[in-house]
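Q: I have a structure here, written as C-alpha cells, and I will follow up with some questions on it.
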Amino acid sequence: MGAFAYVAPSSVAEALAVLDEHASLGKRAQVLAGGTDVLVQMRTVDTQPRTLVDIKGVAETNRVDIGATETFIGAAIPSAVLNDNAELKALFPGVIESADLIGSTQIQGRASIGGNLCNSSPAGDTIPALIASSGVCVIAARGGNREVPVEDFVSGVGTNVLEPNEFLIGIKFPNPAPGTADAYLRFIPRTEMDIAVVGAGVSVTIDENGTCTAARVAIGAVAPTVLLVTRASDALVGTQLDDTALEAAGVACTEAASPISDKRGTVEYRRKVVAVLCRRATAIARDRAKLRVRTKVR
Amino acid sequence: MSEAIDYKVIGTRPIRPDGVDKVTGRAQFGADLNLPNMLYGRVLRSPHAHARLTRVDVSKALEMEGVYAAISRADFPENPSDLGKNIMARDKVLYHGHAVAAVAAKSLICAEAALALIETSYEVLSPVLSLDEAMADDATLLDDECFTKNLPETPDKPSNIAAVMTLSRGDVEEGFEQADVIVEGDYNIPMAHQGYIEPHACIANINESGQGSVWTCTQGHFEFRALTAKVLGMNVADLKFIASEIGGGFGGKTTIYLEPLAVLLSQQARRPVKMMMTREEVFRASGPAAGTHCKIKVGARNDGTITAAKAWLAYEAGAFAGAPMGPGAMAVFAPYDLENFHVEAFDVLVNKPKVAAYRAPGAPQSMHAMESALDELARKLDMDPLDLRMKNAASEGTQAPYGPKFPAIGLKECLEAAKVHPNYTSPVPEGAGRGVAVGFWFNVGMQSSAEVHINENGTVTIIEGNPDIGGSRASMCLMAAETLGVPYEQIRAVVGDTESTGFSNVTGGSRTTFATGMAVIQACEDIIGQCKSRAAATWGVDEDQVEWEDGQAIPSPGVNADVKPLTLADIAGNAAKTGGPLLGRASLNAQGAGASFSVNMTDLKVDRETGKVDVLSFTAIQDAGTAIHPAYVEGQMQGGAAQGLGWALNEEYIYDKDGVLENAGFLDYRIPVASDLPMIDTQIIEVPNPRHPYGVRGVGETPIVAPLAAAANAIRDATGVRINDLPLSPPNILAQLDNA
Amino acid sequence: MSKVQITSSINGESVEFLCEPQQSLMEILREELGRMGTKEGCATGDCGACSVLVDSRLVCSCLILAVEAEGKEITTIEGIAGEDGLHPIQQQFLEHAALQCGICTPGFIVATKALLDRNPDPDEETIRYWLAGNLCRCTGYDKIIRAVQGAAKELAHQA
C-alpha cells in the first residue's frame, strides 16, 4: 500500500511538473484547492493513498482580474472571498450567488469555484451559473494553457476533460454587454446545507425596448452533467421575457431534463421543479438586466 | 389551577454550575479523554443487510504491525442475548452496518488498515425492509425462533412479529354506531434518528483479571455497566463506569454499542482502548426511532363527543425485538376521556438497526396519527380543533387508557392557554396554514440515589448518579438551595461514577429532575435533621425544639433558649465537636411521576410549485408541574419542537432495495438548521404534580410529540390536502398536491 | 509513512507538530495537541462542531489538512476567553441558557466570534444563515440566537 503525500507548488510550472511526474510514473495525484469535497471523499468513498497537490500557493489560482472586456476568476479562491468582492458581485451576481450557496459559512471559507467545477457533480452549484455567463475554463497544460468552455468541461458524473497532468487555473468570462445580467437559483429542502435537488442558471440580454436579444439557460442536477438548454434560450430570445416566454423556457427545461430518482428527489419532482426554477431565475435575471440597459456595468 | 407557591430560588434562572467549562471547551465529552499508552479501536461492519455470517477470521489483522488486539464472535460468551447479538453478530448479520469484528491498534490509520485484513464470508439472504413485507404470511424470516408473544395461544410457526399487545375499553363497534361522524386514516412514518451531535465514544482500561474502568458518554453509567457485564459475562463489581459529559442522547444513549468491544479489546491488548463511532456509523449502527404504520378510526357525535376510537399500530423493531409499541399504544388515546376504544400494536422485525428510545418513544408516531385524525374530525364537525379536544380532554380523575386514574394534570389548562394565545387568536398569515395538536408523555420515576455533603465552610456538594444532558446539575442545586435555605451559588452538583455514589437508573423517561431531584431533596432533609440534632445538642434542648428556617437552626417558638441561630456554616465548622462530618443520603424508587401534556400550534407556508415549507411560527404550551429552572424547561420545549418539526418535514431513513441506508450523514439526514426555524414561543403551564415535594413533572419528552401532527395539520390547512405520510418533504408534498 | 513537521500559531502560541499528510487539522488538534474543545460531530463539514478560525476565517477543522496549517494562525475555542475572563459571547451563552448538552457550544461560539468580528450588528436572519452550518440538536436555536444578539449588544456597549 502506498502512502499519502502532500506538496504545495508555488508556480504553475512547478505544479505541472509534479503532476507530470506522477502521471509518467503511474502514481496518483489529486489537485487540492479548498478541499471541501476532496477531504470528505478521501474519508468515505475513496480512501486510496495519493499525492495531494495543493494549488492554493499558485498565484494565478488566487487572482481576480477584471479587465476591459474579460474577467478572470482564479480556481482556488474561497467563495467567502469572492462574495466580499463587490465589483465581481455587481458584474456577475448569478455566478457569485452560486458560489455563495455552496455549503455553510465554514465551507465558504474554503470551497472554490474551481473545486466545485472539478468535482464535476451534476449538482454542483456553480456550474449552471458559470455556463449561463459563458465561462471558459483556463487549463494549465504542458506547452501552455488551453481553454475549454465550461459546458464542455464536465464529461460525466464526477469526470471532466482534465488530463492527469493538467489542472484548472481559473475561469474567464466575457464582461456582460449592456442589458445583460445573470441569476442562479437552486432548490433544496432546507434553507441551507443541502446539495441542490435542481439548479438553474440564466443569463439574459435585453435591448432598450425590453426585448430579449440573447439568453443562456443551464440546468443542474437533472442529468449526468449540467445541461445548456438551447431550446430554453430560443424560447426567450425575441420575447419581452413575459410570463408566456418564461413558461415556454421552463417547459423546454423539463423536456431537456433526464433526471434520476434518488435520496434527494424523484424524476417527476425534478422535471417539474426545473421549470419553476428556470422561470424564477429568468425573472430575476430579466429584472437585473432592465437596470443595466443604459448603464454599462464596466 | 393550583395556587402558586412562593419559592425562594425555584423558578429562578441562574447560570448552570457546569456552564463555564462548556463555553470554554474544557468540559470533557466521550471522545475528549486520552490515556497514556492508549490504542484506538475500530469496528468492521457488515456490508449486507441480511446474511448468514459463514466465516470471520481476524488472524491476519492480528499479525499486522501496530495491531494489539482483534475480536469477533468467537471471543464472546455463548448463548448471547439479543443485545449481545446486536453488539457482535453471531450466526447472522441482520442489518447493513452490523458489527462483525473489531481491532485495536496504535493509531486510527493503522486500525482502519487492519480492518481490511479481516476475512469474512457471507451467504446473502434477501432483506426484509418494510412492515408490509415483514408481516406478510410468506415473509422471509429474520429469526427462525421468533414466535409472536402475547397471543392467546403460542403460534405454531415463527414470524417476524415478535410481539403484539392490545388495549381496550367498552365496545368500540357500538361506539361507532353512536357516532354521527367517523374519520379514518392510514399513516406511515419512516425510521428517524435522534441526531445527537456527539457520536458514541468510550475508553476502556481493563487489566488481566477483567477489572478496570470504562469512560463513556452515556445517559446512565450504572445501566451501561450492568449491560456490559452481562454481555461479556463479567462481574459488575469489577467494572467502574465513569460518565463523561454527554453530547446529547434523546434516548439513543440508553444502551450500549462500543463498550463491550472496548472492554474485550483492552483486556486482550492490556492497554487502554479508545473507540469512537464515525457519524456514518452512528446513523447505520446505533438505535434510531421505529418506523411505523398506523391506522386510526375515530367516531364522534355532532357535539364533538368521541364515541369510539380504534388504533392499529405497527412498529419496526429493527433487527431484534423491542420496538416501543407499548408506550405508543398506551399514549395514542391518553389525552382523551374515552368510553370505547381498542388498540392493537405490533413489534415487528426488519433488517434495519435495532431501534432505541427516542424522546417519548413510540408516542410521536401513534399520536401523529390520532391528532391528524382529530383534525379531520374537527373539520367534518365544523368545530374549532381546540374545542374538539377540550370537549374530550382528560382531567383529574379520568381513567387513563393504560389503567390508572389521572391525578391533577394540566391538559385543559394548556388548551385554555392555547385558545387565548395571541398566536392562535391572530389571523393566519396570507398563504399560510395553522395546525394544532396535543402532546403527552407518561414520565417515569425509577431508582435514584443522592448524597449531600456539607463542606467544612458550609458549602454544599451534591453527588448523584445521573449524567447531566440539559442542565440537571442546575436543577439539583436549585432544589437543594430551596430545601436547605442556602444560596444557589454555594451548592455544586457532581455526577458520581459507579464507585462513588449509589445506583441510579438512566437519565431518561424525563425522570431526572423528578426522581433524582426527589432523592436530592430527601438527602437535604436528612442534613436538616442532622443539623437540628447538632443544634439541639449544642443548645442542650430536645431535637423537636429546633426548627430549620432560611438555612439556619433556630429554637422553636416558645422554647426558652437564649441562643443565636446556627447557620449551616456554623454547624459545619463545629462538626468535629458534634459528631463528625455532615453527610445526607437518600436512595429511592420514586413513585408518582406526573404525566405532562402539551398543546402546540404552528403556522406554515407551502410553496405550491416546489412543495417547500416555511415555518412562520411555532408555539409550545406545556404543563411542567413546577418549572425548577424555567430557562431549561423552555429549552426542552424548544428543542423538542425543533426535533419534532425536523421529523415532520425532512428527516427520514432512506434505504435502497438492498437495505443500505442511503443518507447516513448530516448532509442528507436533514435535521433543522438555524435558518430553517423561527423563534419558538413557549408558555409554561404549572399544575403541580401532587406526588413531588416541589410539584415537578418530567418535561423532556412531551415536547417532541405534538409537532408532527401540528405540522401535518398546518399543511392541510394551507393546501386543503391531507398528507398522511411523513416526512412532509418537498417531493412528497408536491406529489400529493398534484394527486389531489 | 513519513510524517510532516508543521509549525503553526495556535491561540497566539507557536506550536510544532508532526502529522500524516492525510490527517485533518481537527484530528491533530484533538488527538495530538490535546485541544479537546474543538469537537468532532461528523468529520464531513456538515455540523460545525469543529469550527476554528484560520487566519481569522471561519472554517471546519475537519475539512482542512493539518499540513495546510503551516504558518497559519489558528484560533480555537480555548483562545476565545480573554485575560479578564470569559468573552462576552461566552457570558451571553451562559446567561441565555443557550446550551443544553454543550457539545455544539464551542463551534457556535467560534462561529459567532467570526460573525461579530465582521458584522457587529447582524439582524436575526443574518445570524441564522451565518450559523446554519452549526448544528444544535438540543435547543431549537432560539436561545442561541438570543445569546448572539445579546453578545452583539454587549460588545457594542463595551466599544
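So you can find residues: chains in the C-alpha cells are A, B, ... in the order shown, residues in each start at 1, and ligands are numbered from 1 in order.
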Using only C-alpha atoms and a distance of at most 6 Å, pull out the residues of chain B that contact chain C, as a compact mmCIF listing (two decimals) with N, CA and C atoms, in the first residue's frame.

A:
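Saved as iface25.txt:
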```
# COMPACT_ATOMS: atom_id res chain seq x y z
N ILE B 15 -27.14 30.83 36.30
CA ILE B 15 -26.19 30.18 35.37
C ILE B 15 -25.88 28.79 35.90
N LYS B 22 -18.26 24.44 29.72
CA LYS B 22 -18.85 24.10 28.42
C LYS B 22 -18.73 25.23 27.40
N VAL B 23 -18.55 26.45 27.85
CA VAL B 23 -18.36 27.54 26.87
C VAL B 23 -16.88 27.82 26.61
N THR B 24 -16.01 27.15 27.33
CA THR B 24 -14.57 27.39 27.12
C THR B 24 -13.88 26.18 26.51
N GLY B 25 -14.62 25.11 26.28
CA GLY B 25 -14.02 23.92 25.67
C GLY B 25 -13.36 22.97 26.65
N ASP B 32 -13.18 13.02 24.50
CA ASP B 32 -12.24 14.07 24.88
C ASP B 32 -11.17 13.64 25.87
N ILE B 197 -25.41 15.35 18.48
CA ILE B 197 -24.24 15.81 17.73
C ILE B 197 -22.98 15.04 18.14
N GLU B 198 -22.96 14.48 19.31
CA GLU B 198 -21.76 13.73 19.75
C GLU B 198 -21.88 12.26 19.38
N GLY B 247 -22.88 14.55 24.94
CA GLY B 247 -23.26 15.49 23.89
C GLY B 247 -24.56 15.11 23.22
N GLY B 248 -25.60 15.02 24.03
CA GLY B 248 -26.93 14.68 23.50
C GLY B 248 -27.15 13.19 23.49
N ARG B 279 -19.69 9.48 12.28
CA ARG B 279 -21.09 9.89 12.12
C ARG B 279 -21.85 8.85 11.28
N ILE B 469 -27.62 16.09 30.91
CA ILE B 469 -27.71 16.32 29.46
C ILE B 469 -28.17 17.72 29.15
N GLY B 470 -28.99 18.28 30.04
CA GLY B 470 -29.58 19.56 29.64
C GLY B 470 -29.71 20.53 30.78
N GLY B 635 -36.06 25.42 27.17
CA GLY B 635 -35.10 24.79 26.27
C GLY B 635 -35.56 23.42 25.83
N GLN B 638 -38.41 23.96 23.36
CA GLN B 638 -37.94 24.45 22.06
C GLN B 638 -37.17 23.37 21.31
N GLY B 639 -36.34 22.65 22.03
CA GLY B 639 -35.56 21.60 21.39
C GLY B 639 -36.44 20.48 20.88
N ALA B 642 -38.15 21.60 17.74
CA ALA B 642 -37.27 21.55 16.56
C ALA B 642 -37.11 20.11 16.07
N PHE B 666 -25.09 13.88 8.09
CA PHE B 666 -25.89 15.08 8.32
C PHE B 666 -26.16 15.87 7.03
N LEU B 667 -25.49 15.49 5.92
CA LEU B 667 -25.77 16.17 4.66
C LEU B 667 -27.17 15.82 4.16
N VAL B 673 -31.67 23.30 10.52
CA VAL B 673 -30.56 24.22 10.78
C VAL B 673 -31.14 25.54 11.26
N ALA B 674 -30.26 26.42 11.75
CA ALA B 674 -30.74 27.65 12.40
C ALA B 674 -31.65 28.47 11.48
N SER B 675 -31.32 28.50 10.19
CA SER B 675 -32.12 29.33 9.28
C SER B 675 -33.44 28.68 8.87
N MET B 679 -38.02 31.90 15.93
CA MET B 679 -38.01 31.79 17.39
C MET B 679 -39.15 30.86 17.77
```

Q: Show me, as a PDB file with C-alpha atoms, in the first residue's frame, the residues that have an atom within 7 Å of stretch 37-53 of chain A when counting only C-alpha atoms, minus same-chain residues fewer than 3 positions from it.

A:
```pdb
ATOM      1  CA  GLY A   2       1.320   3.419  -0.918  1.00  0.00           C
ATOM      2  CA  ALA A   3       1.229   6.417   1.351  1.00  0.00           C
ATOM      3  CA  PHE A   4      -0.371   9.793   1.194  1.00  0.00           C
ATOM      4  CA  ALA A   5       1.833  12.737   0.349  1.00  0.00           C
ATOM      5  CA  TYR A   6       1.295  16.461   0.190  1.00  0.00           C
ATOM      6  CA  VAL A   7       3.025  19.009  -1.985  1.00  0.00           C
ATOM      7  CA  ALA A   8       2.331  22.717  -2.297  1.00  0.00           C
ATOM      8  CA  ARG A  28      -1.939   9.000  -8.377  1.00  0.00           C
ATOM      9  CA  ALA A  29      -2.030  12.725  -7.783  1.00  0.00           C
ATOM     10  CA  GLN A  30      -5.029  14.856  -6.960  1.00  0.00           C
ATOM     11  CA  VAL A  31      -5.225  18.598  -7.098  1.00  0.00           C
ATOM     12  CA  LEU A  32      -6.384  20.201  -3.881  1.00  0.00           C
TER      13      LEU A  32
ATOM     14  CA  THR C  44     -17.547  15.832   6.861  1.00  0.00           C
ATOM     15  CA  LEU C  63     -12.022  19.912   6.240  1.00  0.00           C
TER      16      LEU C  63
END
```

Q: Please report, as a ChimeraX atom specification, each residue of stretch 59-231 of chain A to which DSSP assigns strand (DSSP E) when run on this structure's backbone.

A: /A:64-66,70-74,136-140,146-149,154-156,159-160,167-174,180-187,198-206,212-220,227-228

Q: Tell me, as a ChimeraX atom specification, which residues lie within 7 Å of stretch 370-378 of chain B, counting only C-alpha atoms; anything in the same chain fewer than 2 positions away does not count.

A: /B:183-185,296,332,366-368,380-385,388,437-438,709,713

Q: Would you put the residues from that selection into a file with N, CA and C atoms, as a PDB file, in the first residue's frame?

A:
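Writing done, so here's result.pdb:
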```pdb
ATOM      1  N   VAL B 183     -64.101   9.374  11.062  1.00  0.00           N
ATOM      2  CA  VAL B 183     -62.957   9.586  10.164  1.00  0.00           C
ATOM      3  C   VAL B 183     -61.993   8.413  10.311  1.00  0.00           C
ATOM      4  N   GLU B 184     -61.324   8.128   9.216  1.00  0.00           N
ATOM      5  CA  GLU B 184     -60.324   7.066   9.232  1.00  0.00           C
ATOM      6  C   GLU B 184     -59.086   7.550   8.515  1.00  0.00           C
ATOM      7  N   GLY B 185     -57.954   7.066   8.935  1.00  0.00           N
ATOM      8  CA  GLY B 185     -56.705   7.446   8.265  1.00  0.00           C
ATOM      9  C   GLY B 185     -55.657   6.367   8.415  1.00  0.00           C
ATOM     10  N   ILE B 296     -55.978   4.673  12.106  1.00  0.00           N
ATOM     11  CA  ILE B 296     -56.829   5.249  13.151  1.00  0.00           C
ATOM     12  C   ILE B 296     -58.256   5.361  12.624  1.00  0.00           C
ATOM     13  N   VAL B 332     -51.557   6.649  22.642  1.00  0.00           N
ATOM     14  CA  VAL B 332     -52.295   7.135  21.477  1.00  0.00           C
ATOM     15  C   VAL B 332     -53.594   7.856  21.837  1.00  0.00           C
ATOM     16  N   SER B 366     -47.644   7.298  17.014  1.00  0.00           N
ATOM     17  CA  SER B 366     -49.066   6.946  17.167  1.00  0.00           C
ATOM     18  C   SER B 366     -49.913   8.198  17.363  1.00  0.00           C
ATOM     19  N   MET B 367     -49.372   9.167  18.090  1.00  0.00           N
ATOM     20  CA  MET B 367     -50.172  10.372  18.342  1.00  0.00           C
ATOM     21  C   MET B 367     -50.232  11.282  17.114  1.00  0.00           C
ATOM     22  N   HIS B 368     -49.245  11.184  16.244  1.00  0.00           N
ATOM     23  CA  HIS B 368     -49.358  11.891  14.957  1.00  0.00           C
ATOM     24  C   HIS B 368     -50.605  11.405  14.219  1.00  0.00           C
ATOM     25  N   LYS B 380     -64.769  18.020   9.770  1.00  0.00           N
ATOM     26  CA  LYS B 380     -66.073  17.455   9.411  1.00  0.00           C
ATOM     27  C   LYS B 380     -67.172  17.989  10.314  1.00  0.00           C
ATOM     28  N   LEU B 381     -66.828  18.202  11.567  1.00  0.00           N
ATOM     29  CA  LEU B 381     -67.813  18.692  12.538  1.00  0.00           C
ATOM     30  C   LEU B 381     -67.948  20.209  12.473  1.00  0.00           C
ATOM     31  N   ASP B 382     -67.070  20.835  11.687  1.00  0.00           N
ATOM     32  CA  ASP B 382     -67.002  22.295  11.620  1.00  0.00           C
ATOM     33  C   ASP B 382     -66.815  22.880  13.018  1.00  0.00           C
ATOM     34  N   MET B 383     -65.860  22.307  13.698  1.00  0.00           N
ATOM     35  CA  MET B 383     -65.620  22.680  15.092  1.00  0.00           C
ATOM     36  C   MET B 383     -64.177  23.167  15.225  1.00  0.00           C
ATOM     37  N   ASP B 384     -63.936  24.104  16.108  1.00  0.00           N
ATOM     38  CA  ASP B 384     -62.565  24.537  16.388  1.00  0.00           C
ATOM     39  C   ASP B 384     -61.778  23.331  16.915  1.00  0.00           C
ATOM     40  N   PRO B 385     -60.573  23.111  16.368  1.00  0.00           N
ATOM     41  CA  PRO B 385     -59.834  21.906  16.778  1.00  0.00           C
ATOM     42  C   PRO B 385     -59.468  21.894  18.260  1.00  0.00           C
ATOM     43  N   LEU B 388     -62.717  20.848  20.078  1.00  0.00           N
ATOM     44  CA  LEU B 388     -62.945  19.406  19.976  1.00  0.00           C
ATOM     45  C   LEU B 388     -62.119  18.664  21.019  1.00  0.00           C
ATOM     46  N   ALA B 437     -52.020  20.582  17.732  1.00  0.00           N
ATOM     47  CA  ALA B 437     -52.038  19.183  18.153  1.00  0.00           C
ATOM     48  C   ALA B 437     -51.691  19.114  19.631  1.00  0.00           C
ATOM     49  N   VAL B 438     -52.101  18.007  20.225  1.00  0.00           N
ATOM     50  CA  VAL B 438     -51.842  17.766  21.644  1.00  0.00           C
ATOM     51  C   VAL B 438     -50.697  16.768  21.769  1.00  0.00           C
ATOM     52  N   ALA B 709     -47.970  16.161  14.224  1.00  0.00           N
ATOM     53  CA  ALA B 709     -49.333  16.380  13.731  1.00  0.00           C
ATOM     54  C   ALA B 709     -49.620  17.871  13.559  1.00  0.00           C
ATOM     55  N   ASN B 713     -51.168  19.108  10.196  1.00  0.00           N
ATOM     56  CA  ASN B 713     -52.449  19.807  10.211  1.00  0.00           C
ATOM     57  C   ASN B 713     -52.323  21.213   9.608  1.00  0.00           C
TER      58      ASN B 713
END
```

Q: Residues of stretch 411-457 of chain B classed as alpha helix (DSSP H) by DSSP on the backbone are to be reported as a PyMOL selection string.

A: chain B and resi 411-419+422-425

Q: Within 10 Å of stretch 13-19 of chain C, counting only C-alpha atoms, which residues qualify if same-chain residues fewer than 3 places away don't, as an MDAnalysis selection string?

A: chainID C and resid 2:10 22:25 27:29 32:33 65:67 70:75 79

Q: Distance cut-off 7 Å, counting only C-alpha atoms - which residues of chain A neighbour chain B? Return them as JSON, numbers by chain.

A: {"A": [189, 190, 191, 193, 194, 263, 265, 266, 269, 273, 276]}

Q: Quick one, how far is atom CA of B:Pro581 from atom CA of B:Gly496?

A: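 Those two atoms sit 19.3 Å apart.
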
Q: From the set B:Ala576, B:Ile242, B:Ile704, B:Ala321, which residue has the shortest atom-to-atom contact distance to B:Thr501, counting only C-alpha atoms?

A: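 Using only C-alpha atoms, the shortest distance to B:Thr501 belongs to B:Ile242.
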
Q: With only C-alpha atoms as the counted atoms, please give the residues lying no more than 10 Å from A:Pro176, apart from itself and same-chain residues fewer than 2 positions off, as an mmCIF file with C-alpha atoms, in the first residue's frame.

A:
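Written output follows (out30.cif):
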```cif
data_model
loop_
_atom_site.group_PDB
_atom_site.id
_atom_site.type_symbol
_atom_site.label_atom_id
_atom_site.label_comp_id
_atom_site.auth_asym_id
_atom_site.auth_seq_id
_atom_site.Cartn_x
_atom_site.Cartn_y
_atom_site.Cartn_z
ATOM 1 C CA THR A 69 -13.561 43.037 -21.939
ATOM 2 C CA GLU A 70 -12.910 39.972 -19.813
ATOM 3 C CA THR A 71 -12.943 38.888 -16.218
ATOM 4 C CA LEU A 91 -20.694 42.104 -12.698
ATOM 5 C CA PHE A 92 -21.827 38.508 -12.240
ATOM 6 C CA SER A 133 -22.373 33.528 -18.072
ATOM 7 C CA SER A 134 -20.336 31.895 -20.860
ATOM 8 C CA PHE A 173 -15.854 35.397 -18.721
ATOM 9 C CA PRO A 174 -16.699 37.974 -21.343
ATOM 10 C CA PRO A 178 -25.223 46.374 -21.818
ATOM 11 C CA GLY A 179 -28.589 44.967 -20.781
ATOM 12 C CA THR A 180 -27.055 41.686 -19.667
ATOM 13 C CA ALA A 181 -27.444 40.071 -16.256
ATOM 14 C CA ASP A 182 -27.359 36.620 -14.742
ATOM 15 C CA SER A 203 -28.150 34.959 -18.320
ATOM 16 C CA VAL A 204 -30.225 37.276 -20.494
ATOM 17 C CA THR A 205 -29.529 40.347 -22.595
ATOM 18 C CA ALA A 289 -30.886 43.328 -16.856
ATOM 19 C CA ARG A 292 -28.447 47.758 -16.913
ATOM 20 C CA LYS A 296 -22.502 49.654 -18.852
ATOM 21 C CA VAL A 297 -21.516 47.591 -15.866
ATOM 22 C CA ARG A 298 -17.910 48.223 -16.661
#
```

Q: Using only C-alpha atoms, which residues sit within 8 Å of stretch 342-348 of chain B once same-chain residues fewer than 6 positions away are excluded, as JSON, numbers by chain?

A: {"B": [131, 134, 135, 160, 161, 162, 163, 164, 165, 166, 167, 168, 169, 172, 309, 310, 311, 312, 313, 314, 315, 316, 317, 318, 321, 322, 323, 324, 325, 326, 329]}

Q: List the spatial neighbours of B:Val599 as a ChimeraX atom specification - criterion: any atom at most 7 Å away, only C-alpha atoms, same-chain residues fewer than 3 positions off excluded.

A: /B:414-415,418,437-439,620-622,706

Q: Go ahead and dump the residues you just picked, C-alpha atoms, as a JSON list (two decimals), in the first residue's frame.

A:
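Output contents, as saved in result-v6.json:
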```
[["chain", "number", "residue", "atom", "x", "y", "z"],
["B", 414, "CYS", "CA", -52.86, 24.01, 28.21],
["B", 415, "LEU", "CA", -55.89, 24.00, 25.88],
["B", 418, "ALA", "CA", -53.78, 27.96, 23.61],
["B", 437, "ALA", "CA", -52.04, 19.18, 18.15],
["B", 438, "VAL", "CA", -51.84, 17.77, 21.64],
["B", 439, "GLY", "CA", -48.81, 16.00, 23.08],
["B", 620, "ALA", "CA", -45.31, 25.26, 22.53],
["B", 621, "ILE", "CA", -47.51, 25.26, 25.59],
["B", 622, "GLN", "CA", -46.78, 22.60, 28.19],
["B", 706, "ALA", "CA", -47.23, 17.23, 19.13]]
```

Q: So the first atom is atom CA of B:Ser617 and the second is atom CA of B:Gln683; what is the distance between them in Å, to one decimal place?

A: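 These atoms are spaced 13.9 Å apart.
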
Q: To one decimal in Å, tell me the separation between atom CA of C:Met26 and atom CA of B:His200.

A: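 These two atoms are separated by 17.5 Å.
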